[in-house]
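Novice: Before we start, here is the structure in question, set down as structure tokens.
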Amino acid sequence: MKEYGEKDDMIRGVAYYPEQWDTATIGRDLDRIVSLGCNAIRIGEFGWHIMEREEGDYDFSFFDGVIEKAKERGLKVMFGTPTATAPAWLVRRYPEVSSEFADGRVRTFGGRHTCCYSSEVYVDRARRIVRKLAEHYRDEKAIFAWQIDNELGHEGSDVCWCDKCRDGFRRWLEKKYSDIGELNARYGTAFWSQQYNSFDEIYAPNATITVHNPSLRLDWERFCSDKIVAFAKMQADTIKSVIPTAIVVHDFAGGGLSKSLDYCAVSRTIDKVAYNNYPVWGGQREPLPPSEIAFALDYVRGLKQQGFWITEAILGAQGHDITGYMPRPGQAAMWSMQAVARGSDGIMFFRYRGAVKGAEQFCYGLVDSDDCEGRKWKEAKGFFEDLKKIGEKAPCVPEAKVCMLYDFDSLASFRLQRQSLIFDAEAEMKKLHAAFYRVNVPVDVLPWDACFESYAIVVLPNATICRKELRERLKTYTAQGGAVIATFRASVKDTDNNLTLGEKLPVGLTDLFGVTVEESESLWQEDDAKLKGESGAAKKSATAGVFRDMCLPEGAETLYSYDDPFFGQYAAITKNKYGKGLAFYLGCSPEAEVVDEIVSKACAFAHVDPVYSPKGVEIVERRFAGGRIRFIINHNAETVYYSTCRLKPFGYEIEILE
């Protein structure tokens with residue numbers, strides 16, 4: 001059995017839940033998993049009761065047997081800590097561990113992630129079982145990685161409204177501000193007579209008449225994130241204290257940019273990022289667009305700016321109570337190869353066998369309840385054969401010349417005060433990313449404090465909270481020859497989620513973009529605003545929506561103005577020379593053709609070469625020590641020809657370029 005890190009280190013595996021089946025099937029199951037082409041299994045993540053049937057009565061013998069059988073067959077093991085599903089005895093004995101909905105209802109035992117991260121009892125019992133697990137398996141060479149918990153912050157578990165969280169929030173604020181007067185000043189609590197005499201007078205921003213103070217609401221988002229990050233760090237530190245060489249991972253769910261949890265902060269507590277890739281889920285009529293799947297993969301890769309693992313890749317239809325779209329033949333394997341192309345170092349399909357009992361009966365696996373090796377099984381087997389060829393090359397991540405920056409605080413600020421009924425910050429990021437995707441230009445999606453100076457183009461979408469540090473870095477970067485693309489509502493608020501008195505918008509960036517924003521309005525439709533192309537614009541007219549920043553050029557060239565009898569004097573999209581570089585400002589959300597135009601201008605200036613391909617054909621390259629691997633992926637439901645390749649529906653080609 002090879003250890004992780006040897007030549008063939010592409011993970012090929014399945015999520016396996018042996019505790020859900022008759023133990024007599026385990027040997028046969030593992031034999032089939034090996035015949036599939038796997039070198040790894042993922043186990044344990046929901047097995048708390050199996051490991052601790054009563055408080056303090058630890059018994060890992062069941063999983064000992066599974067691991068021994070896996071080792072006999074040369075399979076490596078990713079072991080998950082079981083803390084996402086606390087056992088019934090824990091909740092019955094300590095009811096205070098349960099979290100609460102916003103209306104005060106207790107989250108009843110029976111789902112997952114129903115415990116509160118502010119509960120000292122829950123955190124302590126979680127720490128105990130993680131330590132016992134690590135101590136028991138400290139010398140087990142078959143375990144190549146430890147997965148902590150499961151999909152932290154998913155399905156609403158990122159926020160709890162119980163009294164423990166309220167009290168925890170008060171202590172969090174006291175630690176941050178020390179003096180209640182400092183909090184009053186920074187929050188501006190003189191508004192609506194909201195001054196506090198002590199931190200114990202502060203409440204969580206639950207339902208009230210109108211809305212809570214924006215500074216309070218943003219701090220609540222930060223608190224909600226911090227307590228989960230602390231929970232993740234506790235588990236990682238506990239494992240590392242026992243097994244210093246352990247590789248600790250976490251399997252992130254999709255939608256990280258819309259949660260009250262900072263995935264970047266969690267990532268800093270672990271060694272490697274894992275991601276559960278669901279391009280389609282129950283109730284969806286069709287999968288996500290290919291560009292949005294690519295965006296999510298680029299975002300996950302950017303969490304640690306290194307390769308990642310897919311710990312849940314789908315093959316069949318998925319859903320709890322509602323199912324829906326079933327991946328077409330070849331489509332699921334194609335999605336997994338797209339993940340590999342964009343930085344995954346391995347794929348684990350979810351799941352080996354579909355459940356016949358419990359809440360996930362309609363999350364179909366490689367084999368279904370009939371236990372037969374059908375179309376999906378053969379598709380996975382063929383995919384793993386292809387993965388073996390790539391694994392021998394041990395490729396690096398894709399090399400991007402473009403980065404897109406985002407910020408947890410800005411995203412939270414827009415969730416709290418959307419301003420436009422149709423505004424979605426994540427959707428705007430995807431819209432800009434898609435323009436690069438259409439011409440096969442790779443993009444790294446990175447947190448705002450990442451190093452971006454080596455990139456040719458920096459994209460800054462909706463950075464409503466733009467710290468002075470970032471503003472200065474952007475100016476230096478552009479002055480030295482970089483290209484920046486920023487969008488409406490940039491640098492509007494400070495880090496307390498407040499406006500700045502006496503400063504023109506975008507605060508601290510008017511010289512970089514060569515504009516000031518006089519006024520702004522939100523719009524109701526994607527095409528509510530009409531644009532007029534000026535000199536240098538590709539189109540004579542276009543549409544835009546979501547917002548309108550009324551921009552007055554102060555040195556910038558107007559590419560598009562508003563075609564409007566009242567606001568026609570204002571620029572909508574501008575281009576400004578700054579030092580040796582170029583800065584674009586999009587004061588609205590324009591139609592796709594205009595976004596493509598701006599991206600094209602930025603690429604031409606920055607010497608970033610587009611790669612043109614037929615619609616629906618994605619091209620990505622990854623380097624390895626001896627050359628490059630080119631992935632040519634067909635997202636179309638029909639055969640497409642590209643270069644010398646004949647791409648079958650939902651097919652892909654892998655070219656090794658030595």
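Chain labels follow the order of the structure tokens: the first chain is A, the next B, and so on; residue numbering restarts at 1 in every chain, and ligands are counted from 1 in their shown order.
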Give me the residues of region 198-223 of chain A that have any atom at most 12 Å from an atom of region 479-499 of chain A; for each, the nearest atom pair and the distance in Å, rounded to one decimal. Use only C-alpha atoms, sort by chain and number, and format it as JSON lines.

Specialist:
{"residue": "A:Asn213", "atom": "CA", "partner": "A:Asn497", "partner_atom": "CA", "distance": 9.4}
{"residue": "A:Pro214", "atom": "CA", "partner": "A:Asn497", "partner_atom": "CA", "distance": 6.2}
{"residue": "A:Ser215", "atom": "CA", "partner": "A:Asn497", "partner_atom": "CA", "distance": 5.2}
{"residue": "A:Leu216", "atom": "CA", "partner": "A:Asp496", "partner_atom": "CA", "distance": 8.6}
{"residue": "A:Arg217", "atom": "CA", "partner": "A:Asn497", "partner_atom": "CA", "distance": 8.9}
{"residue": "A:Leu218", "atom": "CA", "partner": "A:Asn497", "partner_atom": "CA", "distance": 6.9}
{"residue": "A:Asp219", "atom": "CA", "partner": "A:Asp496", "partner_atom": "CA", "distance": 8.2}
{"residue": "A:Trp220", "atom": "CA", "partner": "A:Asp496", "partner_atom": "CA", "distance": 11.7}
{"residue": "A:Glu221", "atom": "CA", "partner": "A:Asn497", "partner_atom": "CA", "distance": 11.7}
{"residue": "A:Arg222", "atom": "CA", "partner": "A:Asp496", "partner_atom": "CA", "distance": 11.4}

Novice: Please provide as a count of residues only all residues within 6 Å of region 390-405 of chain A, with the sequence filter that same-chain residues fewer than 2 positions apart are discarded (counting only C-alpha atoms).

Specialist: 23

Novice: Quick one: DSSP strand (DSSP E) residues in region 487-578 of chain A, as a ChimeraX atom specification?

Specialist: /A:487,515-522,529-533,541-553,557-562,571-578

Novice: Output C-alpha atoms for every residue in that selection, as a tab-separated table (two decimals), in the first residue's frame.

Specialist:
chain	number	residue	atom	x	y	z
A	487	THR	CA	-17.51	47.45	-10.10
A	515	VAL	CA	-13.96	59.26	-11.34
A	516	THR	CA	-16.15	60.39	-8.48
A	517	VAL	CA	-19.59	58.92	-7.86
A	518	GLU	CA	-22.06	61.77	-7.43
A	519	GLU	CA	-25.16	59.71	-6.70
A	520	SER	CA	-26.35	56.12	-6.91
A	521	GLU	CA	-29.61	54.27	-7.37
A	522	SER	CA	-30.72	50.66	-7.28
A	529	ALA	CA	-30.68	51.23	-17.63
A	530	LYS	CA	-29.78	52.11	-21.19
A	531	LEU	CA	-26.15	52.73	-22.10
A	532	LYS	CA	-24.72	54.82	-24.92
A	533	GLY	CA	-21.35	53.84	-26.34
A	541	SER	CA	-26.04	51.03	-27.27
A	542	ALA	CA	-26.43	48.45	-24.53
A	543	THR	CA	-28.39	47.67	-21.39
A	544	ALA	CA	-27.45	47.42	-17.72
A	545	GLY	CA	-29.12	46.91	-14.38
A	546	VAL	CA	-28.94	46.22	-10.64
A	547	PHE	CA	-27.29	49.59	-9.77
A	548	ARG	CA	-26.38	52.87	-11.38
A	549	ASP	CA	-23.43	54.79	-10.02
A	550	MET	CA	-23.55	58.30	-11.49
A	551	CYS	CA	-19.88	58.76	-12.32
A	552	LEU	CA	-18.20	62.08	-13.08
A	553	PRO	CA	-14.91	61.52	-14.93
A	557	GLU	CA	-12.12	58.17	-20.43
A	558	THR	CA	-15.84	57.43	-20.71
A	559	LEU	CA	-16.53	54.19	-22.56
A	560	TYR	CA	-20.27	54.13	-21.90
A	561	SER	CA	-22.57	56.84	-20.54
A	562	TYR	CA	-26.19	56.60	-19.47
A	571	ALA	CA	-20.49	58.08	-17.18
A	572	ALA	CA	-21.46	54.45	-16.61
A	573	ILE	CA	-18.21	52.66	-17.51
A	574	THR	CA	-14.80	54.30	-17.59
A	575	LYS	CA	-11.14	53.59	-18.30
A	576	ASN	CA	-8.33	55.46	-16.57
A	577	LYS	CA	-4.57	55.49	-17.07
A	578	TYR	CA	-2.80	55.38	-13.72

Novice: What lies within 8 Å of Leu366 (chain A) using only C-alpha atoms, ignoring chain neighbours under 6 positions off, as a count of residues only?

Specialist: 12

Novice: Report the residues of region 362-584 of chain A whose backbone DSSP state falls under alpha helix (DSSP H), written as a PyMOL selection string.

Specialist: chain A and resi 375-391+408-416+425-437+468-479+510-513

Novice: Keeping only C-alpha atoms, write the selected residues as a compact mmCIF listing (two decimals), in the first residue's frame.

Specialist:
# COMPACT_ATOMS: atom_id res chain seq x y z
CA ARG A 375 -24.08 2.48 -16.22
CA LYS A 376 -22.87 4.73 -13.40
CA TRP A 377 -20.45 2.09 -12.13
CA LYS A 378 -18.92 1.69 -15.58
CA GLU A 379 -18.69 5.47 -15.99
CA ALA A 380 -16.81 5.81 -12.69
CA LYS A 381 -14.50 2.94 -13.59
CA GLY A 382 -13.58 4.53 -16.91
CA PHE A 383 -13.01 7.87 -15.19
CA PHE A 384 -10.62 6.31 -12.68
CA GLU A 385 -8.66 4.75 -15.52
CA ASP A 386 -8.14 8.22 -16.94
CA LEU A 387 -7.24 9.58 -13.51
CA LYS A 388 -4.49 6.99 -13.13
CA LYS A 389 -2.75 8.39 -16.22
CA ILE A 390 -2.86 11.90 -14.80
CA GLY A 391 -1.79 10.78 -11.33
CA PHE A 408 -16.11 38.23 3.81
CA ASP A 409 -17.03 41.60 5.32
CA SER A 410 -18.17 43.10 2.01
CA LEU A 411 -20.23 40.03 1.18
CA ALA A 412 -21.80 40.15 4.63
CA SER A 413 -22.47 43.87 4.32
CA PHE A 414 -24.40 43.31 1.10
CA ARG A 415 -26.35 40.40 2.60
CA LEU A 416 -27.40 42.70 5.42
CA ALA A 425 -22.88 39.84 -4.83
CA GLU A 426 -21.90 36.26 -5.61
CA ALA A 427 -23.85 36.36 -8.87
CA GLU A 428 -21.99 39.52 -9.90
CA MET A 429 -18.69 37.78 -9.20
CA LYS A 430 -19.77 34.85 -11.36
CA LYS A 431 -20.82 37.22 -14.14
CA LEU A 432 -17.34 38.74 -14.32
CA HIS A 433 -15.63 35.36 -13.95
CA ALA A 434 -17.76 33.98 -16.80
CA ALA A 435 -16.34 36.56 -19.21
CA PHE A 436 -12.84 35.15 -18.64
CA TYR A 437 -14.21 31.60 -18.71
CA LYS A 468 -6.96 51.44 3.30
CA GLU A 469 -4.31 48.72 3.07
CA LEU A 470 -5.98 47.23 0.01
CA ARG A 471 -6.54 50.63 -1.60
CA GLU A 472 -2.85 51.47 -1.34
CA ARG A 473 -1.81 48.07 -2.68
CA LEU A 474 -4.14 48.46 -5.66
CA LYS A 475 -2.68 51.87 -6.49
CA THR A 476 0.90 50.61 -6.29
CA TYR A 477 0.01 47.57 -8.37
CA THR A 478 -1.67 49.64 -11.08
CA ALA A 479 1.01 52.32 -11.14
CA THR A 510 -11.09 58.40 -6.93
CA ASP A 511 -7.57 59.03 -8.26
CA LEU A 512 -7.04 55.39 -9.26
CA PHE A 513 -10.24 55.22 -11.31

Novice: Excluding same-chain residues fewer than 3 positions from Met326 (chain A), what lies within 9 Å of it counting only C-alpha atoms, as a ChimeraX atom specification?

Specialist: /A:280,286,315-318,323

Novice: Env of Val77 (chain A): 12 Å cut, atoms = only C-alpha atoms, seq-sep filter 4 positions within chain, self excluded. Answer as a count of residues only.

Specialist: 39
